[in-house]
$ cat query_36.txt   # compact mmCIF, C-alpha atoms
# COMPACT_ATOMS: atom_id res chain seq x y z
CA MET A 1 3.04 4.85 -14.52
CA LYS A 2 1.90 5.02 -10.95
CA TYR A 3 3.20 2.14 -8.82
CA GLY A 4 2.17 0.65 -5.52
CA LEU A 5 4.45 -1.83 -3.76
CA LEU A 6 3.42 -4.42 -1.18
CA ILE A 7 6.22 -5.78 1.02
CA ASN A 8 5.43 -8.89 3.05
CA GLU A 9 8.81 -9.83 4.53
CA GLY A 10 11.20 -8.26 7.03
CA PRO A 11 14.76 -6.99 6.64
CA TYR A 12 17.93 -9.13 6.34
CA GLN A 13 15.99 -12.39 6.26
CA HIS A 14 14.40 -12.43 2.81
CA GLN A 15 15.33 -10.63 -0.36
CA ALA A 16 11.82 -9.24 -0.83
CA VAL A 17 12.42 -5.78 0.62
CA ASP A 18 15.74 -5.41 -1.23
CA SER A 19 14.13 -6.40 -4.53
CA ALA A 20 11.33 -3.91 -3.90
CA TYR A 21 13.84 -1.16 -3.11
CA GLN A 22 15.86 -1.80 -6.27
CA PHE A 23 12.64 -1.86 -8.27
CA ALA A 24 11.44 1.42 -6.75
CA LYS A 25 14.76 3.13 -7.47
CA ALA A 26 14.73 1.92 -11.09
CA ALA A 27 11.09 2.95 -11.59
CA ILE A 28 11.79 6.45 -10.25
CA ALA A 29 14.93 6.74 -12.38
CA LYS A 30 12.80 5.98 -15.42
CA GLY A 31 10.38 8.78 -14.55
CA HIS A 32 7.61 6.67 -12.99
CA GLU A 33 5.89 7.50 -9.72
CA VAL A 34 5.93 5.27 -6.65
CA PHE A 35 2.73 6.30 -4.93
CA ARG A 36 2.76 4.08 -1.87
CA VAL A 37 4.73 1.29 -0.22
CA PHE A 38 2.61 -0.86 2.05
CA PHE A 39 4.42 -2.91 4.71
CA TYR A 40 2.39 -5.96 5.71
CA HIS A 41 2.95 -9.19 7.68
CA ASP A 42 6.66 -9.43 8.70
CA GLY A 43 7.30 -6.53 6.33
CA VAL A 44 6.34 -4.18 9.16
CA ASN A 45 9.74 -4.93 10.76
CA ASN A 46 11.38 -2.84 8.04
CA ALA A 47 9.97 0.22 9.77
CA THR A 48 11.80 -0.24 13.07
CA ASP A 49 13.65 2.81 14.37
CA PHE A 50 15.87 0.65 16.61
CA ALA A 51 17.88 -1.37 14.10
CA VAL A 52 21.62 -0.66 14.04
CA PRO A 53 23.08 -2.65 11.14
CA PRO A 54 26.89 -2.70 10.70
CA GLN A 55 28.22 0.40 8.94
CA ASP A 56 29.40 -1.56 5.90
CA ASP A 57 25.94 -3.06 5.38
CA ARG A 58 22.89 -1.39 3.87
CA ASN A 59 20.49 0.29 6.27
CA ILE A 60 17.16 -0.83 4.89
CA THR A 61 14.97 1.30 7.16
CA GLU A 62 17.01 4.44 6.44
CA ASN A 63 17.26 3.78 2.71
CA TRP A 64 13.49 3.72 2.40
CA ILE A 65 13.14 6.90 4.44
CA LYS A 66 15.58 8.68 2.16
CA LEU A 67 13.96 7.42 -1.02
CA ALA A 68 10.50 8.32 0.29
CA GLU A 69 11.54 11.82 1.31
CA GLU A 70 13.18 12.57 -2.01
CA ASN A 71 10.31 11.20 -4.06
CA ASN A 72 7.26 11.83 -1.94
CA ILE A 73 6.40 8.16 -1.37
CA ASP A 74 3.72 7.35 1.15
CA MET A 75 5.07 4.57 3.42
CA VAL A 76 2.32 2.79 5.31
CA VAL A 77 2.73 0.15 8.00
CA CYS A 78 -0.21 -2.18 8.66
CA ILE A 79 -1.37 -1.41 12.19
CA ALA A 80 -2.60 -4.90 13.10
CA ALA A 81 0.55 -6.60 11.77
CA ALA A 82 2.71 -4.01 13.57
CA GLN A 83 1.01 -4.30 16.96
CA ARG A 84 1.31 -8.09 16.94
CA ARG A 85 5.04 -7.76 16.37
CA GLY A 86 5.69 -5.03 18.92
CA LEU A 87 5.95 -2.06 16.59
CA LEU A 88 4.21 1.02 17.90
CA ASP A 89 4.18 4.70 17.03
CA ALA A 90 4.00 7.31 19.81
CA ASN A 91 0.20 7.51 19.81
CA GLU A 92 -0.28 3.76 19.94
CA ALA A 93 2.39 3.36 22.64
CA GLU A 94 0.52 5.82 24.83
CA ARG A 95 -2.86 4.28 24.07
CA GLN A 96 -1.59 0.76 24.86
CA GLY A 97 0.36 1.86 27.95
CA LYS A 98 3.75 0.83 26.55
CA ARG A 99 7.05 2.38 27.62
CA GLY A 100 8.29 3.46 24.22
CA ASP A 101 7.62 3.69 20.52
CA ASN A 102 9.77 2.27 17.75
CA ILE A 103 8.35 3.15 14.35
CA ALA A 104 10.85 5.29 12.48
CA PRO A 105 9.84 8.78 11.35
CA GLY A 106 8.79 8.67 7.70
CA TYR A 107 6.60 5.60 8.15
CA ARG A 108 2.98 5.97 9.17
CA ILE A 109 0.63 3.46 10.74
CA SER A 110 -2.66 2.76 9.05
CA GLY A 111 -4.93 -0.04 7.92
CA LEU A 112 -5.60 -2.33 5.00
CA GLY A 113 -7.81 0.30 3.40
CA GLN A 114 -4.58 1.97 2.33
CA LEU A 115 -3.52 -1.20 0.50
CA VAL A 116 -6.90 -1.43 -1.22
CA GLU A 117 -6.66 2.23 -2.16
CA ALA A 118 -3.18 1.68 -3.62
CA GLY A 119 -4.65 -1.12 -5.72
CA ILE A 120 -7.32 1.24 -7.03
CA GLU A 121 -5.17 4.36 -7.44
CA CYS A 122 -2.07 2.79 -8.97
CA ASP A 123 -1.60 1.52 -12.51
CA ARG A 124 0.35 -1.43 -11.12
CA LEU A 125 0.53 -3.02 -7.69
CA LEU A 126 3.53 -5.32 -7.18
CA THR A 127 3.92 -7.84 -4.38
CA PHE A 128 7.31 -8.71 -2.89
CA GLY A 129 7.30 -11.58 -0.43
CA ASP A 130 8.78 -14.96 0.37
CA MET B 1 -4.74 -9.62 -21.66
CA ALA B 2 -1.00 -10.11 -21.25
CA MET B 3 0.09 -10.68 -17.70
CA LEU B 4 3.57 -10.56 -16.23
CA HIS B 5 4.20 -13.33 -13.71
CA THR B 6 7.09 -13.16 -11.26
CA VAL B 7 8.52 -16.31 -9.69
CA ASN B 8 11.03 -15.84 -6.88
CA LYS B 9 11.75 -19.38 -5.71
CA SER B 10 13.93 -22.12 -7.14
CA PRO B 11 11.96 -24.99 -8.72
CA PHE B 12 14.05 -27.28 -6.47
CA GLU B 13 12.65 -25.60 -3.36
CA ARG B 14 9.01 -24.87 -4.16
CA ASN B 15 6.53 -25.69 -6.89
CA THR B 16 5.55 -22.09 -7.70
CA LEU B 17 7.25 -22.20 -11.11
CA ASP B 18 5.22 -25.32 -11.97
CA SER B 19 2.01 -23.66 -10.79
CA CYS B 20 2.83 -20.49 -12.69
CA ILE B 21 3.56 -22.34 -15.94
CA SER B 22 0.38 -24.38 -15.65
CA MET B 23 -1.75 -21.25 -15.11
CA ALA B 24 -0.03 -18.74 -17.41
CA LYS B 25 -2.02 -17.94 -20.52
CA SER B 26 -0.47 -18.04 -23.95
CA GLY B 27 1.15 -14.70 -24.75
CA SER B 28 1.98 -13.83 -21.15
CA SER B 29 5.46 -13.51 -19.69
CA ILE B 30 7.29 -15.02 -16.74
CA LEU B 31 10.11 -13.12 -15.03
CA LEU B 32 12.38 -15.22 -12.80
CA ILE B 33 13.80 -13.22 -9.90
CA GLU B 34 15.70 -13.97 -6.67
CA ASP B 35 16.12 -17.79 -6.27
CA GLY B 36 13.71 -18.17 -9.19
CA ILE B 37 16.67 -17.75 -11.54
CA PHE B 38 17.60 -21.41 -10.98
CA GLY B 39 14.58 -22.30 -13.12
CA ALA B 40 16.27 -20.64 -16.12
CA LEU B 41 19.35 -22.86 -16.17
CA LYS B 42 20.25 -25.46 -18.78
CA GLY B 43 20.74 -29.09 -17.83
CA THR B 44 18.51 -29.35 -14.76
CA SER B 45 15.44 -31.45 -14.06
CA ALA B 46 13.33 -28.30 -14.57
CA THR B 47 14.83 -27.41 -17.97
CA ASP B 48 12.45 -29.49 -20.10
CA LYS B 49 9.36 -28.02 -18.46
CA VAL B 50 10.58 -24.46 -19.00
CA SER B 51 11.75 -25.14 -22.56
CA SER B 52 8.41 -26.57 -23.60
CA ALA B 53 6.51 -23.71 -21.95
CA MET B 54 8.53 -21.28 -24.04
CA SER B 55 6.35 -21.98 -27.07
CA ASN B 56 3.48 -20.12 -25.36
CA VAL B 57 5.13 -17.87 -22.79
CA THR B 58 8.14 -15.54 -22.91
CA PHE B 59 10.71 -16.09 -20.17
CA TYR B 60 12.90 -13.40 -18.66
CA VAL B 61 15.47 -13.58 -15.89
CA LEU B 62 16.67 -10.74 -13.66
CA GLY B 63 20.39 -10.32 -14.41
CA PRO B 64 21.53 -8.94 -11.04
CA ASP B 65 19.91 -11.89 -9.23
CA LEU B 66 21.46 -14.31 -11.73
CA ASN B 67 24.94 -12.88 -11.18
CA ALA B 68 24.50 -12.61 -7.40
CA ARG B 69 24.13 -16.40 -7.39
CA GLY B 70 27.28 -16.98 -9.41
CA MET B 71 25.42 -17.83 -12.60
CA THR B 72 26.02 -16.40 -16.06
CA GLU B 73 24.04 -15.88 -19.25
CA GLU B 74 25.91 -18.78 -20.89
CA GLN B 75 24.19 -21.16 -18.47
CA LEU B 76 20.69 -20.08 -19.45
CA ILE B 77 18.26 -22.01 -21.61
CA ASP B 78 18.45 -20.59 -25.13
CA GLY B 79 15.80 -17.95 -25.71
CA ILE B 80 15.51 -16.72 -22.13
CA LYS B 81 16.08 -12.97 -22.07
CA VAL B 82 18.10 -11.22 -19.38
CA VAL B 83 16.84 -7.91 -17.99
CA ASP B 84 18.16 -5.54 -15.32
CA TYR B 85 15.93 -3.68 -12.83
CA GLU B 86 15.13 -1.06 -15.50
CA GLY B 87 14.05 -3.89 -17.78
CA PHE B 88 11.93 -5.25 -14.90
CA VAL B 89 10.21 -1.86 -14.66
CA ASP B 90 9.63 -1.81 -18.44
CA LEU B 91 8.09 -5.30 -18.30
CA THR B 92 5.62 -4.23 -15.59
CA ALA B 93 4.62 -1.22 -17.70
CA GLU B 94 4.28 -3.22 -20.93
CA HIS B 95 2.04 -5.86 -19.37
CA GLU B 96 -1.43 -5.07 -18.14
CA ASN B 97 -0.89 -6.47 -14.68
CA VAL B 98 1.62 -8.29 -12.53
CA GLN B 99 1.14 -11.48 -10.53
CA ALA B 100 3.71 -12.56 -7.97
CA TRP B 101 3.83 -16.32 -7.32
CA LEU B 102 4.90 -16.56 -3.69
$ encode --input "query_36.txt" --output "structure tokens"
Amino acid sequence: MKYGLLINEGPYQHQAVDSAYQFAKAAIAKGHEVFRVFFYHDGVNNATDFAVPPQDDRNITENWIKLAEENNIDMVVCIAAAQRRGLLDANEAERQGKRGDNIAPGYRISGLGQLVEAGIECDRLLTFGD
Amino acid sequence: MAMLHTVNKSPFERNTLDSCISMAKSGSSILLIEDGIFGALKGTSATDKVSSAMSNVTFYVLGPDLNARGMTEEQLIDGIKVVDYEGFVDLTAEHENVQAWL
């Protein structure tokens, strides 16, 4: 099966992103494909490059990067949701005249079309939110 | 068309379990995850509603979320099945689509 995951909540506040991560790992272990993870609403905060969680806690941003690299998952951050919340990639930071960028490598900024496409392309699209 | 519904909130916090039960078609399944696991417990004010819905709908509960909240299988309403994340994946594959009640 080809899976798409929609994550609507940020890290360390709601369980949504942790549930989605555990689901993705289990799906991959069973031989399924996770085609795309779409970060929407507060879920865009999972893509921050500037979080430094304690060493004995899970690093949600890094865990997704690792899982995506190993399994060729497309991780998309909604651009409108990200800009509202102060998450910019290098291109957007320059375009908006901001001093820095904070979207971690491995995540890419794009629009809702990517969520719609995941709905069309994937056999199942699962939503994780509050 | 069999649908898998996921409910992630306690019935004592939100009414999503109620909404889900009232909308779920006969033959579909409801998976209780996160705080939703509290809807699967015996002896609560939500127990009767879930028990009577079980004649039309199959209930599952996510084991890791159950245990993370200090609850055990012995506390579940009889007939509710416990799955792990692999079982969660299987349920999504076996059903034609998945609806999250948020």
$ atom_distance --input "query_36.txt" --atom1 "CA of Thr127 (chain A)" --atom2 "CA of Phe12 (chain B)"
22.0 Å
$ residues_around --input "query_36.txt" --residues "region 82-95 of chain A" --least-positions-apart "6" --cutoff "10 Å" --atoms "all atoms listed in the file" --output "list in words"
Phe39, Tyr40, His41, Asp42, Gly43, Val44, Asn45, Ala47, Thr48, Asp49, Asp101, Asn102, Ile103, Ala104, Pro105, Tyr107, Arg108, Ile109 and Ser110 of chain A
$ closest_residue --input "query_36.txt" --among "B:Val7, B:Ile33, B:Ala46, B:Ile77" --to "Leu62 (chain B)" --atoms "all atoms listed in the file"
B:Ile33
$ interface_residues --input "query_36.txt" --of "chain B" --to "chain A" --cutoff "9 Å" --atoms "only C-alpha atoms" --output "short mmCIF file (atom, residue, chain, number, x, y, z; two decimals) with C-alpha atoms, keeping the file's coordinate frame"
data_model
loop_
_atom_site.label_atom_id
_atom_site.label_comp_id
_atom_site.auth_asym_id
_atom_site.auth_seq_id
_atom_site.Cartn_x
_atom_site.Cartn_y
_atom_site.Cartn_z
CA ASN B 8 11.03 -15.84 -6.88
CA LYS B 9 11.75 -19.38 -5.71
CA ILE B 33 13.80 -13.22 -9.90
CA GLU B 34 15.70 -13.97 -6.67
CA TYR B 85 15.93 -3.68 -12.83
CA GLU B 86 15.13 -1.06 -15.50
CA GLY B 87 14.05 -3.89 -17.78
CA PHE B 88 11.93 -5.25 -14.90
CA VAL B 89 10.21 -1.86 -14.66
CA ASP B 90 9.63 -1.81 -18.44
CA THR B 92 5.62 -4.23 -15.59
CA ALA B 93 4.62 -1.22 -17.70
CA GLU B 96 -1.43 -5.07 -18.14
CA ASN B 97 -0.89 -6.47 -14.68
CA VAL B 98 1.62 -8.29 -12.53
CA GLN B 99 1.14 -11.48 -10.53
CA ALA B 100 3.71 -12.56 -7.97
CA TRP B 101 3.83 -16.32 -7.32
CA LEU B 102 4.90 -16.56 -3.69
#
$ atom_distance --input "query_36.txt" --atom1 "CA of Phe35 (chain A)" --atom2 "CA of Gly4 (chain A)"
5.7 Å
$ atom_distance --input "query_36.txt" --atom1 "CA of Lys66 (chain A)" --atom2 "CA of Pro64 (chain B)"
22.8 Å
$ residues_around --input "query_36.txt" --residues "Ser28 (chain B)" --least-positions-apart "2" --cutoff "10 Å" --atoms "only C-alpha atoms" --output "list in words"
Met1, Ala2, Met3, Leu4, His5, Ala24, Lys25, Ser26, Ile30, Asn56, Val57, Thr58, Phe59, His95 and Glu96 of chain B
$ residues_around --input "query_36.txt" --residues "Ile37 (chain B)" --least-positions-apart "6" --cutoff "10 Å" --atoms "only C-alpha atoms" --output "PyMOL selection string"
chain B and resi 7-11+31+60-63+65-67+69+71+76
$ closest_residue --input "query_36.txt" --among "A:Gln96, A:Val17, A:Glu33, A:Gly111" --to "Asn59 (chain A)" --atoms "only C-alpha atoms"
A:Val17
$ closest_residue --input "query_36.txt" --among "B:Val82, B:Arg14, B:Ser29, B:Thr6" --to "Ser55 (chain B)" --atoms "all atoms listed in the file"
B:Ser29
$ closest_residue --input "query_36.txt" --among "B:Leu91, B:Leu41, B:Met54, B:Ile21" --to "Gly70 (chain B)" --atoms "all atoms listed in the file"
B:Leu41
